[in-house]
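**Q** Handing you a structure now.
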2 protein chains.
Amino acid sequence: MTSTKYDVLGIGNAIFDVLVQADDTFLATHEMSKGGMALIDEARALAIYQAMGPATEMSGGSAANTIVGLAGFGARAAYIGKVKNDKIGEFYTHDIRAAGVAFDTVPAASGPATGCSYILVTPDGERTMNTYLGAAQDLTPADIDADAVAASAIVYLEGYLWDPASAKEAFVKASTIAHGAGRQVALTLSDAFCVGRYRSEFLELMRSGTVDLIFANEAELTSLYETDYDAALTALRHDVKLGVVTRSEKGCVVASKDNVVAVPAFPIDRLVDTTGAGDLFAAGFLFGLVRSADHTACGKLGALAAAEIIQHIGARPQASLKDLAKQHGLPV
Amino acid sequence: MTSTKYDVLGIGNAIFDVLVQADDTFLATHEMSKGGMALIDEARALAIYQAMGPATEMSGGSAANTIVGLAGFGARAAYIGKVKNDKIGEFYTHDIRAAGVAFDTVPAASGPATGCSYILVTPDGERTMNTYLGAAQDLTPADIDADAVAASAIVYLEGYLWDPASAKEAFVKASTIAHGAGRQVALTLSDAFCVGRYRSEFLELMRSGTVDLIFANEAELTSLYETDYDAALTALRHDVKLGVVTRSEKGCVVASKDNVVAVPAFPIDRLVDTTGAGDLFAAGFLFGLVRSADHTACGKLGALAAAEIIQHIGARPQASLKDLAKQHGLPV
């Protein structure tokens, strides 16, 4: 195996986040499933936006958040995702590069605008996302930089990529290249509703070895196997080399065929906004893996990054994850 | 005098804020005057932006922040400012309307993009602004809605309006209409460097009675009169009906010809970002005025709003100012 240029390369829907505080009544009035991610068209985006309060905007996207987190730990990180060459696309490109991530996907010159997610944050800190994919749905296999993928120790894919039709092919292309170069492929299931849309395809990706490592929260795991948590965890251990299940304040479970390790959550002062919690957990865990830490340390790194992100608005870290890890005696 | 439709109507440069954390070395490297607002062209905007870290974006603009704050207290508020009909202009329009502000200025269909300010926030909480005026510089007298101005108890203008040439005329037109309708006109001096650019014109506005009420911080006041604080305060009392001087952690001083009242600052837990401190102070003070509160209560309302804004990133309130005022037994 040749040496790597990147520790982790992420591929995902490049989405600009529009964050707003809202109450449960707003969610109910607009028939939103709390905690989930719904795909919306432009008409619904406009209707939601007009009803929303004043917003704060920042770059987002699930895998992109993870990759920015990895860069924040000090990992060599790269990202592939599609924006348009509009102002929002410029913000997006700036932010991810300024975070230290290699990002060279050619922006779309025509077609829909850079994708946006309208994220309603309720007083309990839960986030409910309404995503207009926009230019993100035009990610194609041609956007997959084969050299970059082959030179990355881990390729990290988000389940949301299964929504845009051509991105599926890009996903499979990336996995094939990665495995051809002897690399690992990780997938986050993204969202219980996303799992509902693509259950059989995700299981096939796991059972065929297209992915080696799965990140899921409890809701996604039980949605995947349509059974209770314990039975689903057993099934997961059978279907994939390594499964990492996040359980909110109960911490996480790292499960392989011959071992299951539980790691507690990291204590926090105040829950503000869970946007990005799963993404940043994955960042910490993957950072541990590329530093060859044991599964417990990987889980602790994930918990640490998740704790940072949920104590402020938005899914991009505000503190140095590298410094936080050092302060808590974790691998850096 | 006819009844009013709005308590306060603000006129200012409509600017989208791009906030980023930076250290003093960054400011020094890019030759920025800490705490100030510099006007920049597109080339410099690009150079600064490329060197900056990842950003958070939100609607801003000095007078607009004040007007949003007034709406947050429960006042009837309106705003006049120029954006372009681009995506950022859409964000801007959404946010100010969603805050409860009447905003009907026709966006520019051509010409420069919606204005942006690149705001560097240093670890001490100080903010240093680099502003590309963009479409804001195309505010003209035709944008001044005479009916709205005449129907507002107070018209609030920002000194920054003196930068775009045609906005000066809009400013004077608004003042003339307001006074013709028996209303009050307030001006914030905005920035010590802005005062340096327009010292004689600002003094003329005050001495000619074009403005009735001045908001200034200590640096702006001493820059205006090119003398020490005490001498400047004496001069201010002579030149304007009411002068309100903010002094950071020392609170504020409210000065009229026959009286001077000092009001302490509001205690805070942690200074995060001073962006918008003066704007929100003005919001609270003006809210007190339109509720016919005495000067001490006006100053307390200003201090309360300033304290809210400096404890988080960005110049738009995250808490209900009305609720905060109630909690502290202030007029609402």
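Residue numbers start at 1 in each chain; chains themselves are named A, B, ... in the order of the structure tokens; ligands are numbered from 1 in the order shown.
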Would you list the contacts of region 255-257 of chain A as a list in words, taking every protein, DNA or RNA residue within 6 Å and counting only C-alpha atoms, but skipping same-chain residues closer than 4 positions in sequence?

**A**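 Within the cut-off, the hits are Arg237, Lys241, Leu242 and Gly243 of chain A.
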
**Q** Considering only C-alpha atoms, return as a ChimeraX atom specification whatever protein or nucleic-acid residues lie within 12 Å of Arg127 (chain A), sequence-local ones (same chain, fewer than 6 positions apart) excluded.

**A** /A:17-24,27,32-38,117-121,271-278,310,313-315

**Q** Taking only C-alpha atoms into account, produce a table as JSON lines in which each residue of chain B with an atom at most 7 Å from an atom of chain A appears once, together with its shortest atom pair and the distance in Å to one decimal, ordered by chain and rising number.

**A**
{"residue": "B:Gln50", "atom": "CA", "partner": "A:His94", "partner_atom": "CA", "distance": 6.9}
{"residue": "B:Met52", "atom": "CA", "partner": "A:Ala98", "partner_atom": "CA", "distance": 6.8}
{"residue": "B:Gly53", "atom": "CA", "partner": "A:Ala98", "partner_atom": "CA", "distance": 4.8}
{"residue": "B:Pro54", "atom": "CA", "partner": "A:Asp95", "partner_atom": "CA", "distance": 4.2}
{"residue": "B:Ala55", "atom": "CA", "partner": "A:Asp95", "partner_atom": "CA", "distance": 6.2}
{"residue": "B:Thr56", "atom": "CA", "partner": "A:Met58", "partner_atom": "CA", "distance": 5.0}
{"residue": "B:Glu57", "atom": "CA", "partner": "A:Glu57", "partner_atom": "CA", "distance": 5.0}
{"residue": "B:Met58", "atom": "CA", "partner": "A:Thr56", "partner_atom": "CA", "distance": 5.0}
{"residue": "B:His94", "atom": "CA", "partner": "A:Gln50", "partner_atom": "CA", "distance": 6.9}
{"residue": "B:Asp95", "atom": "CA", "partner": "A:Pro54", "partner_atom": "CA", "distance": 4.2}
{"residue": "B:Ile96", "atom": "CA", "partner": "A:Pro54", "partner_atom": "CA", "distance": 6.9}
{"residue": "B:Ala98", "atom": "CA", "partner": "A:Gly53", "partner_atom": "CA", "distance": 4.8}
{"residue": "B:Ala99", "atom": "CA", "partner": "A:Pro54", "partner_atom": "CA", "distance": 5.9}

**Q** Show which residues sit within 10 Å of Ala45 (chain A), as an mmCIF file with N, CA and C atoms, in the first residue's frame. Count only C-alpha atoms, and ignore same-chain residues fewer than 6 positions away.

**A**
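And here is the file that came out, part_5.cif:
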data_model
loop_
_atom_site.group_PDB
_atom_site.id
_atom_site.type_symbol
_atom_site.label_atom_id
_atom_site.label_comp_id
_atom_site.auth_asym_id
_atom_site.auth_seq_id
_atom_site.Cartn_x
_atom_site.Cartn_y
_atom_site.Cartn_z
ATOM 1 N N LEU A 39 -36.505 16.431 2.855
ATOM 2 C CA LEU A 39 -36.113 17.072 1.595
ATOM 3 C C LEU A 39 -37.270 17.933 1.126
ATOM 4 N N CYS A 116 -29.351 24.575 0.390
ATOM 5 C CA CYS A 116 -29.570 25.210 1.696
ATOM 6 C C CYS A 116 -30.381 24.288 2.582
ATOM 7 N N SER A 117 -30.090 24.285 3.869
ATOM 8 C CA SER A 117 -30.941 23.594 4.820
ATOM 9 C C SER A 117 -31.479 24.609 5.814
ATOM 10 N N TYR A 118 -32.793 24.663 5.936
ATOM 11 C CA TYR A 118 -33.433 25.529 6.915
ATOM 12 C C TYR A 118 -33.551 24.717 8.195
ATOM 13 N N ASN A 130 -34.815 21.061 7.097
ATOM 14 C CA ASN A 130 -35.564 21.057 5.842
ATOM 15 C C ASN A 130 -34.582 21.436 4.752
ATOM 16 N N THR A 131 -34.233 20.477 3.934
ATOM 17 C CA THR A 131 -33.111 20.664 3.030
ATOM 18 C C THR A 131 -33.543 20.760 1.577
ATOM 19 N N TYR A 132 -33.106 21.849 0.952
ATOM 20 C CA TYR A 132 -33.248 22.019 -0.492
ATOM 21 C C TYR A 132 -31.891 21.662 -1.079
#

**Q** Compile the contact shell of Tyr225 (chain B) as a list in words: residues with an atom at most 9 Å away, counting only C-alpha atoms, same-chain residues fewer than 3 positions apart removed.

**A**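 Selected residues are Arg199, Leu203, Glu220, Leu221, Thr222, Asp228, Ala231, Ala232, Ala235 and Leu236 of chain B.
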
**Q** Store the residues picked out above, limited to C-alpha atoms, as a PDB file, in the first residue's frame.

**A**
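Result file out-v2.pdb:
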ATOM      1  CA  ARG B 199     -16.080  66.176  11.634  1.00  0.00           C
ATOM      2  CA  LEU B 203     -20.888  69.583  13.813  1.00  0.00           C
ATOM      3  CA  GLU B 220     -16.160  59.453  18.792  1.00  0.00           C
ATOM      4  CA  LEU B 221     -16.910  62.352  21.133  1.00  0.00           C
ATOM      5  CA  THR B 222     -13.286  63.282  21.673  1.00  0.00           C
ATOM      6  CA  ASP B 228     -10.398  65.697  26.131  1.00  0.00           C
ATOM      7  CA  ALA B 231     -14.273  69.523  27.466  1.00  0.00           C
ATOM      8  CA  ALA B 232     -15.946  67.534  24.697  1.00  0.00           C
ATOM      9  CA  ALA B 235     -19.228  71.281  24.029  1.00  0.00           C
ATOM     10  CA  LEU B 236     -21.738  68.520  23.212  1.00  0.00           C
TER      11      LEU B 236
END

**Q** Within region 171-273 of chain A, find each residue whose DSSP state, derived from the backbone, is alpha helix (DSSP H), and express the selection as number ranges by chain.

**A** A: 171-180, 192-207, 218-225, 229-239

**Q** For Glu308 (chain A), which of A:Ile40, A:Ala170, A:Ala109, A:Leu321 is the closest residue, counting only C-alpha atoms?

**A**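 Of A:Ile40, A:Ala170, A:Ala109, A:Leu321, the one nearest Glu308 (chain A) is A:Leu321, counting only C-alpha atoms.
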
**Q** So that I can check the surroundings of region 171-188 of chain A, please list as a list in words every protein, DNA and RNA residue that reaches within 6 Å of it, counting only C-alpha atoms and ignoring chain neighbours fewer than 5 positions away.

**A**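 The residues that qualify are Val149, Ala150, Ala153, Ile154, Val155, Tyr156, Leu157, Glu158, Gly159, Val211, Asp212, Leu213, Ile214, Phe215 and Ala216 of chain A.
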
**Q** As an NGL selection string, please: every residue in region 83-323 of chain B that a backbone DSSP assignment puts in strand (DSSP E).

**A** :B and (101-103 or 115-121 or 127-132 or 152-158 or 184-188 or 213-217 or 242-246 or 252-256 or 259-263)

**Q** With distances taken over only C-alpha atoms, which residue among B:Val101, B:Ala265, B:Leu280, B:Ala192 lies nearest Thr296 (chain B)?

**A**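 For Thr296 (chain B), the nearest of the given residues is B:Ala265.
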
**Q** Counting only C-alpha atoms, what is within 9 Å of Gly115 (chain A), bar same-chain residues fewer than 4 positions away, as a CSV table (one decimal) with N, CA and C atoms, in the first residue's frame?

**A**
chain,number,residue,atom,x,y,z
A,13,ASN,N,-23.3,15.9,0.5
A,13,ASN,CA,-24.1,17.0,0.0
A,13,ASN,C,-23.6,18.3,0.6
A,14,ALA,N,-23.1,19.2,-0.2
A,14,ALA,CA,-22.6,20.5,0.3
A,14,ALA,C,-23.7,21.4,0.5
A,15,ILE,N,-24.0,21.7,1.7
A,15,ILE,CA,-25.3,22.4,2.1
A,15,ILE,C,-24.9,23.6,3.0
A,16,PHE,N,-25.5,24.7,2.7
A,16,PHE,CA,-25.4,25.9,3.5
A,16,PHE,C,-26.5,25.9,4.5
A,17,ASP,N,-26.1,26.1,5.8
A,17,ASP,CA,-27.1,26.0,6.9
A,17,ASP,C,-27.7,27.4,7.2
A,82,LYS,N,-20.8,19.3,-4.1
A,82,LYS,CA,-21.1,20.2,-5.2
A,82,LYS,C,-21.8,21.4,-4.7
A,83,VAL,N,-21.2,22.6,-5.0
A,83,VAL,CA,-21.9,23.9,-4.8
A,83,VAL,C,-22.0,24.5,-6.2
A,84,LYS,N,-22.8,25.6,-6.3
A,84,LYS,CA,-22.8,26.4,-7.5
A,84,LYS,C,-21.8,27.5,-7.4
A,88,ILE,N,-23.3,32.1,-2.3
A,88,ILE,CA,-23.3,31.1,-1.2
A,88,ILE,C,-22.3,30.0,-1.4
A,89,GLY,N,-22.1,29.7,-2.7
A,89,GLY,CA,-21.0,28.7,-3.0
A,89,GLY,C,-19.7,29.2,-2.7
A,131,THR,N,-34.2,20.5,3.9
A,131,THR,CA,-33.1,20.7,3.0
A,131,THR,C,-33.5,20.8,1.6
A,132,TYR,N,-33.1,21.8,1.0
A,132,TYR,CA,-33.2,22.0,-0.5
A,132,TYR,C,-31.9,21.7,-1.1
A,133,LEU,N,-31.8,20.5,-1.8
A,133,LEU,CA,-30.5,20.0,-2.2
A,133,LEU,C,-29.8,20.9,-3.2
A,134,GLY,N,-30.5,21.6,-4.1
A,134,GLY,CA,-29.9,22.5,-5.0
A,134,GLY,C,-28.8,21.9,-5.8
A,135,ALA,N,-27.6,22.6,-5.9
A,135,ALA,CA,-26.5,22.1,-6.7
A,135,ALA,C,-26.0,20.8,-6.2
A,136,ALA,N,-26.2,20.4,-4.9
A,136,ALA,CA,-25.6,19.2,-4.4
A,136,ALA,C,-26.1,18.0,-5.1
A,137,GLN,N,-27.3,18.1,-5.7
A,137,GLN,CA,-27.8,16.9,-6.4
A,137,GLN,C,-27.1,16.7,-7.7
